[in-house]
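Trainee: Before anything else, here's the structure in question.
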Amino acid sequence: MTIDWLLGGLSLSTLAIALALVFGASIMRGLTGFGLAIILVPLLGLIVEPAEAVVISILLQLLAGPIGLRRILADGERATAIPISIAAILATPFGVWLLSVTAPDVARLAIALLALAAFGLMFVPAKEGAIPGRKETLATGIAAGVLTGFASMPGPPVVPFYLRRKLPPDVARASMLMVFFATAIAGSIASFALGVANLHLLWLSVLFYPALYIGTRLGEMAFGKVSEPVWRTLVGIILGVAGMAAMGRLLN
């Protein structure tokens with residue numbers, strides 16, 4: 001067993017950057033209920049291949065799923081989270097296949113645009129708290145599944161679905177995390193089944209897990225201590241900064 005293998009094939013400097021990205025994204029995930037993939041994939045995809053960044057993010061979402069799961073299941077809006085999750089699980093393999101046939105440069109651009117699109121959706125006028133109809137719920141699930149497989153980003157359709165309804169932050173956060181755990185399970189299975197994931201990427205995900213766990217716990221500790229307006233503002237900032245940072249790096 002060599003040092004290179006233990007480092008997952010990354011240099012020490014690259015590994016340090018990747019760990020910092022995972023740690024920062026995990027804090028935002030613990031605080032807001034999302035952000036891991038939207039922050040991590042566009043930026044990590046600039047130091048590793050985009051497909052590798054997507055798979056690593058999917059596997060990290062899977063590893064993060066059990067963290068705080070009891071509270072998530074208690075607080076989540078099951079009436080929407082369950083049907084969205086089912087639709088997303090069924091659509092995820094198509095997204096994985098789409099990733100496998102997309103050129104890396106095209107994938108990088110598409111992922112950056114997705115992060116920016118999620119930011120733009122936050123400015124669509126909010127709805128009341130009533131549960132949306134079946135068509136909107138189903139469309140959200142399908143879009144989340146395709147984007148999970150292609151970019152490990154179920155967030156762009158799911159985040160506006162819940163946050164535009166002005167739900168209490170604990171309900172919105174838990175509902176999103178329920179969906180993301182379900183899509184992570186489906187994405188992990190589909191990635192290995194279609195040959196996009198491998199043991200090397202699994203090892204990298206395990207290597208990143210301590211940063212993931214500590215960051216998530218720190219974010220959870222901050223959640224509840226932040227007022228609702230500040231919480232919603234943070235959500236918008238995360239979406240905007242991640243998308244613009246990725247786009248800026250692409251244009252340089």
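Ligands are numbered from 1 in the order shown, chains are lettered A, B, ... in the order of the structure tokens, and residues start at 1 in each chain.
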Fewer than 5 positions away in the same chain doesn't count, so skip those; otherwise give me all residues within 6 Å of segment 214-227 of chain A, counting only C-alpha atoms, as a ChimeraX atom specification.

Mentor: /A:23,26-27,30-31

Trainee: What would the file look like if the residues just selected were written as a CSV table (one decimal), in the first residue's frame with all heavy atoms?

Mentor:
chain,number,residue,atom,x,y,z
A,23,PHE,N,-15.3,20.4,3.6
A,23,PHE,CA,-15.6,20.9,4.9
A,23,PHE,C,-16.6,22.1,4.8
A,23,PHE,O,-17.6,22.2,5.5
A,23,PHE,CB,-14.3,21.3,5.6
A,23,PHE,CG,-14.5,21.9,7.0
A,23,PHE,CD1,-14.9,21.1,8.0
A,23,PHE,CD2,-14.3,23.2,7.3
A,23,PHE,CE1,-15.1,21.6,9.3
A,23,PHE,CE2,-14.4,23.7,8.5
A,23,PHE,CZ,-14.9,22.9,9.6
A,26,SER,N,-20.0,21.1,3.6
A,26,SER,CA,-20.7,20.3,4.7
A,26,SER,C,-21.3,21.2,5.7
A,26,SER,O,-22.4,21.0,6.3
A,26,SER,CB,-19.8,19.3,5.3
A,26,SER,OG,-19.3,18.4,4.3
A,27,ILE,N,-20.6,22.3,6.1
A,27,ILE,CA,-21.2,23.3,7.0
A,27,ILE,C,-22.5,23.9,6.5
A,27,ILE,O,-23.5,24.0,7.2
A,27,ILE,CB,-20.2,24.4,7.3
A,27,ILE,CG1,-19.0,23.8,8.1
A,27,ILE,CG2,-20.8,25.5,8.1
A,27,ILE,CD1,-17.9,24.8,8.4
A,30,GLY,N,-25.3,21.3,6.7
A,30,GLY,CA,-25.8,21.1,8.0
A,30,GLY,C,-26.7,22.3,8.4
A,30,GLY,O,-27.7,22.1,9.1
A,31,LEU,N,-26.3,23.5,7.9
A,31,LEU,CA,-27.0,24.7,8.3
A,31,LEU,C,-28.3,24.9,7.5
A,31,LEU,O,-29.4,25.2,8.1
A,31,LEU,CB,-26.1,25.9,8.1
A,31,LEU,CG,-26.8,27.3,8.4
A,31,LEU,CD1,-27.3,27.4,9.8
A,31,LEU,CD2,-25.8,28.4,8.1

Trainee: Quick one: everything within 10 Å of Leu177 of chain A, counting only C-alpha atoms, minus sequence neighbours fewer than 6 positions away in the same chain. Send it as a count of residues only.

Mentor: 18

Trainee: I'd like to know which residues of segment 131-247 of chain A are alpha helix (DSSP H) (by DSSP, run on the backbone); could you write them as a PyMOL selection string?

Mentor: chain A and resi 134-151+155-163+169-193+199-222+228-247

Trainee: Within 12 Å of Ala144 of chain A, counting only C-alpha atoms, which residues show up once you throw out same-chain ones fewer than 6 positions away? Write them as a ChimeraX atom specification, please.

Mentor: /A:81,83-95,114,118,137-138,150-161,176,179-184,186-187

Trainee: Output C-alpha atoms for every residue in the selection just made, as a compact mmCIF listing (two decimals), in the first residue's frame.

Mentor:
# COMPACT_ATOMS: atom_id res chain seq x y z
CA ALA A 81 -40.78 14.39 0.16
CA PRO A 83 -43.36 11.16 -3.91
CA ILE A 84 -40.53 13.48 -4.98
CA SER A 85 -38.02 10.89 -3.77
CA ILE A 86 -39.72 8.04 -5.62
CA ALA A 87 -39.83 9.99 -8.89
CA ALA A 88 -36.22 11.07 -8.43
CA ILE A 89 -35.01 7.52 -7.76
CA LEU A 90 -36.62 6.32 -10.99
CA ALA A 91 -35.11 9.18 -13.04
CA THR A 92 -31.59 9.09 -11.60
CA PRO A 93 -30.16 6.34 -13.87
CA PHE A 94 -30.95 8.45 -16.94
CA GLY A 95 -28.92 11.31 -15.48
CA LEU A 114 -27.34 24.63 -13.14
CA ALA A 118 -30.97 27.49 -8.90
CA THR A 137 -44.43 17.47 -7.37
CA LEU A 138 -43.78 14.81 -10.01
CA PHE A 150 -25.79 14.14 -14.20
CA ALA A 151 -24.42 16.61 -11.65
CA SER A 152 -25.20 15.26 -8.14
CA MET A 153 -27.44 18.33 -7.90
CA PRO A 154 -31.03 17.52 -6.92
CA GLY A 155 -31.07 20.96 -5.28
CA PRO A 156 -31.99 23.28 -8.21
CA PRO A 157 -35.58 21.96 -8.48
CA VAL A 158 -36.00 20.84 -4.85
CA VAL A 159 -34.78 23.95 -3.02
CA PRO A 160 -37.20 26.39 -4.74
CA PHE A 161 -40.02 23.81 -4.37
CA MET A 176 -34.88 18.58 1.35
CA VAL A 179 -35.08 13.81 -0.80
CA PHE A 180 -31.31 14.19 -1.08
CA PHE A 181 -30.67 11.01 0.90
CA ALA A 182 -33.02 9.08 -1.38
CA THR A 183 -31.38 10.45 -4.52
CA ALA A 184 -27.93 9.67 -3.10
CA ALA A 186 -30.26 5.84 -6.19
CA GLY A 187 -27.31 7.75 -7.61

Trainee: Can you pull out every residue within 7 Å of segment 53-58 of chain A, counting only C-alpha atoms, but drop anything in the same chain fewer than 3 positions away, and send it as a PDB file with N, CA and C atoms, in the first residue's frame?

Mentor:
ATOM      1  N   ALA A  37     -23.598  19.500  -2.819  1.00  0.00           N
ATOM      2  CA  ALA A  37     -23.302  19.294  -4.238  1.00  0.00           C
ATOM      3  C   ALA A  37     -23.198  20.599  -5.002  1.00  0.00           C
ATOM      4  N   VAL A  41     -19.542  20.291  -6.367  1.00  0.00           N
ATOM      5  CA  VAL A  41     -19.355  19.743  -7.711  1.00  0.00           C
ATOM      6  C   VAL A  41     -18.747  20.753  -8.686  1.00  0.00           C
ATOM      7  N   LEU A  44     -15.008  21.367  -7.191  1.00  0.00           N
ATOM      8  CA  LEU A  44     -14.191  20.158  -7.201  1.00  0.00           C
ATOM      9  C   LEU A  44     -13.970  19.677  -8.636  1.00  0.00           C
ATOM     10  N   GLY A  45     -14.946  19.930  -9.497  1.00  0.00           N
ATOM     11  CA  GLY A  45     -14.822  19.534 -10.897  1.00  0.00           C
ATOM     12  C   GLY A  45     -13.771  20.298 -11.665  1.00  0.00           C
ATOM     13  N   VAL A  48     -10.553  17.901 -10.454  1.00  0.00           N
ATOM     14  CA  VAL A  48     -10.637  16.514 -10.910  1.00  0.00           C
ATOM     15  C   VAL A  48     -11.609  16.495 -12.085  1.00  0.00           C
ATOM     16  N   GLU A  49     -11.741  15.363 -12.732  1.00  0.00           N
ATOM     17  CA  GLU A  49     -12.677  15.266 -13.849  1.00  0.00           C
ATOM     18  C   GLU A  49     -14.101  15.510 -13.351  1.00  0.00           C
ATOM     19  N   PRO A  50     -14.962  16.195 -14.145  1.00  0.00           N
ATOM     20  CA  PRO A  50     -16.332  16.470 -13.707  1.00  0.00           C
ATOM     21  C   PRO A  50     -17.103  15.221 -13.284  1.00  0.00           C
ATOM     22  N   GLN A  61     -22.993  12.399  -0.276  1.00  0.00           N
ATOM     23  CA  GLN A  61     -24.395  12.579   0.116  1.00  0.00           C
ATOM     24  C   GLN A  61     -24.932  11.306   0.765  1.00  0.00           C
ATOM     25  N   LEU A  62     -24.518  10.173   0.221  1.00  0.00           N
ATOM     26  CA  LEU A  62     -24.939   8.898   0.792  1.00  0.00           C
ATOM     27  C   LEU A  62     -24.377   8.718   2.195  1.00  0.00           C
ATOM     28  N   ALA A 151     -25.257  15.605 -12.325  1.00  0.00           N
ATOM     29  CA  ALA A 151     -24.424  16.606 -11.647  1.00  0.00           C
ATOM     30  C   ALA A 151     -24.408  16.463 -10.135  1.00  0.00           C
ATOM     31  N   SER A 152     -25.034  15.410  -9.586  1.00  0.00           N
ATOM     32  CA  SER A 152     -25.196  15.257  -8.141  1.00  0.00           C
ATOM     33  C   SER A 152     -25.869  16.488  -7.553  1.00  0.00           C
ATOM     34  N   ALA A 184     -29.311  10.151  -3.269  1.00  0.00           N
ATOM     35  CA  ALA A 184     -27.934   9.674  -3.100  1.00  0.00           C
ATOM     36  C   ALA A 184     -27.879   8.154  -3.167  1.00  0.00           C
ATOM     37  N   GLY A 187     -28.456   7.339  -6.821  1.00  0.00           N
ATOM     38  CA  GLY A 187     -27.306   7.751  -7.614  1.00  0.00           C
ATOM     39  C   GLY A 187     -26.105   6.855  -7.406  1.00  0.00           C
ATOM     40  N   SER A 188     -25.880   6.416  -6.174  1.00  0.00           N
ATOM     41  CA  SER A 188     -24.745   5.526  -5.893  1.00  0.00           C
ATOM     42  C   SER A 188     -24.920   4.189  -6.592  1.00  0.00           C
ATOM     43  N   ALA A 197     -18.899   4.964 -11.358  1.00  0.00           N
ATOM     44  CA  ALA A 197     -18.216   4.932 -10.062  1.00  0.00           C
ATOM     45  C   ALA A 197     -17.273   3.736 -10.009  1.00  0.00           C
ATOM     46  N   LEU A 201     -12.883   6.073  -6.407  1.00  0.00           N
ATOM     47  CA  LEU A 201     -13.727   7.190  -6.009  1.00  0.00           C
ATOM     48  C   LEU A 201     -14.412   6.915  -4.671  1.00  0.00           C
ATOM     49  N   SER A 205     -14.047   9.241  -1.269  1.00  0.00           N
ATOM     50  CA  SER A 205     -15.204   9.677  -0.489  1.00  0.00           C
ATOM     51  C   SER A 205     -15.024   9.331   0.983  1.00  0.00           C
TER      52      SER A 205
END

Trainee: For a quick check of understanding, using only C-alpha atoms, which of A:Leu163, A:Leu212, A:Leu99, A:Leu12 has the smallest distance to Ile111 of chain A?

Mentor: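 Closest residue, counting only C-alpha atoms: A:Leu99.
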
Trainee: Report, in Å with one decimal, the straight-line distance from atom CA of Leu113 of chain A to atom CA of Pro42 of chain A.

Mentor: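 We find that atom CA of Leu113 of chain A and atom CA of Pro42 of chain A lie 9.5 Å from each other.
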
Trainee: So the first atom is atom CA of Ala16 of chain A and the second is atom CA of Gly149 of chain A; what is the distance between them in Å, to one decimal place?

Mentor: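 Computed distance, atom CA of Ala16 of chain A to atom CA of Gly149 of chain A, equals 26.4 Å.
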
Trainee: Excluding same-chain residues fewer than 5 positions from Ile131 of chain A, what lies within 12 Å of it counting only C-alpha atoms, as a ChimeraX atom specification?

Mentor: /A:77-81,136-137,161-162,164-167

Trainee: With N, CA and C atoms retained, could you export that selection as a PDB file, in the first residue's frame?

Mentor:
ATOM      1  N   GLU A  77     -41.630  17.050   5.595  1.00  0.00           N
ATOM      2  CA  GLU A  77     -42.984  17.007   5.039  1.00  0.00           C
ATOM      3  C   GLU A  77     -43.098  15.771   4.145  1.00  0.00           C
ATOM      4  N   ARG A  78     -43.523  14.687   4.735  1.00  0.00           N
ATOM      5  CA  ARG A  78     -43.532  13.405   4.025  1.00  0.00           C
ATOM      6  C   ARG A  78     -44.498  13.399   2.840  1.00  0.00           C
ATOM      7  N   ALA A  79     -45.564  14.183   2.912  1.00  0.00           N
ATOM      8  CA  ALA A  79     -46.560  14.202   1.842  1.00  0.00           C
ATOM      9  C   ALA A  79     -45.950  14.613   0.506  1.00  0.00           C
ATOM     10  N   THR A  80     -44.886  15.404   0.533  1.00  0.00           N
ATOM     11  CA  THR A  80     -44.217  15.789  -0.710  1.00  0.00           C
ATOM     12  C   THR A  80     -42.861  15.102  -0.851  1.00  0.00           C
ATOM     13  N   ALA A  81     -42.127  14.944   0.240  1.00  0.00           N
ATOM     14  CA  ALA A  81     -40.779  14.387   0.157  1.00  0.00           C
ATOM     15  C   ALA A  81     -40.784  12.957  -0.361  1.00  0.00           C
ATOM     16  N   GLU A 136     -46.670  19.279 -10.392  1.00  0.00           N
ATOM     17  CA  GLU A 136     -45.483  20.018  -9.968  1.00  0.00           C
ATOM     18  C   GLU A 136     -44.583  19.153  -9.090  1.00  0.00           C
ATOM     19  N   THR A 137     -45.204  18.361  -8.233  1.00  0.00           N
ATOM     20  CA  THR A 137     -44.433  17.473  -7.366  1.00  0.00           C
ATOM     21  C   THR A 137     -43.690  16.426  -8.183  1.00  0.00           C
ATOM     22  N   PHE A 161     -38.745  24.480  -4.658  1.00  0.00           N
ATOM     23  CA  PHE A 161     -40.022  23.813  -4.368  1.00  0.00           C
ATOM     24  C   PHE A 161     -40.432  24.046  -2.922  1.00  0.00           C
ATOM     25  N   TYR A 162     -39.479  23.942  -2.009  1.00  0.00           N
ATOM     26  CA  TYR A 162     -39.798  24.101  -0.591  1.00  0.00           C
ATOM     27  C   TYR A 162     -39.653  25.544  -0.101  1.00  0.00           C
ATOM     28  N   ARG A 164     -39.864  28.447  -1.697  1.00  0.00           N
ATOM     29  CA  ARG A 164     -40.817  29.418  -2.226  1.00  0.00           C
ATOM     30  C   ARG A 164     -42.188  29.303  -1.553  1.00  0.00           C
ATOM     31  N   ARG A 165     -42.386  28.258  -0.767  1.00  0.00           N
ATOM     32  CA  ARG A 165     -43.670  28.077  -0.075  1.00  0.00           C
ATOM     33  C   ARG A 165     -43.665  28.685   1.327  1.00  0.00           C
ATOM     34  N   LYS A 166     -42.578  29.293   1.726  1.00  0.00           N
ATOM     35  CA  LYS A 166     -42.469  29.932   3.032  1.00  0.00           C
ATOM     36  C   LYS A 166     -42.748  28.956   4.180  1.00  0.00           C
ATOM     37  N   LEU A 167     -42.240  27.750   4.049  1.00  0.00           N
ATOM     38  CA  LEU A 167     -42.359  26.777   5.128  1.00  0.00           C
ATOM     39  C   LEU A 167     -41.406  27.146   6.257  1.00  0.00           C
TER      40      LEU A 167
END

Trainee: Which is closest to Gly24 of chain A among A:Ala117, A:Leu40, A:Met244, A:Ile237, if we use only C-alpha atoms?

Mentor: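 Comparing A:Ala117, A:Leu40, A:Met244, A:Ile237 against Gly24 of chain A, the winner is A:Leu40.
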
Trainee: Enter the distance from atom CA of Trp97 of chain A to atom CA of Met178 of chain A, in Å, rounded to one decimal.

Mentor: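 These atoms are spaced 23.8 Å apart.
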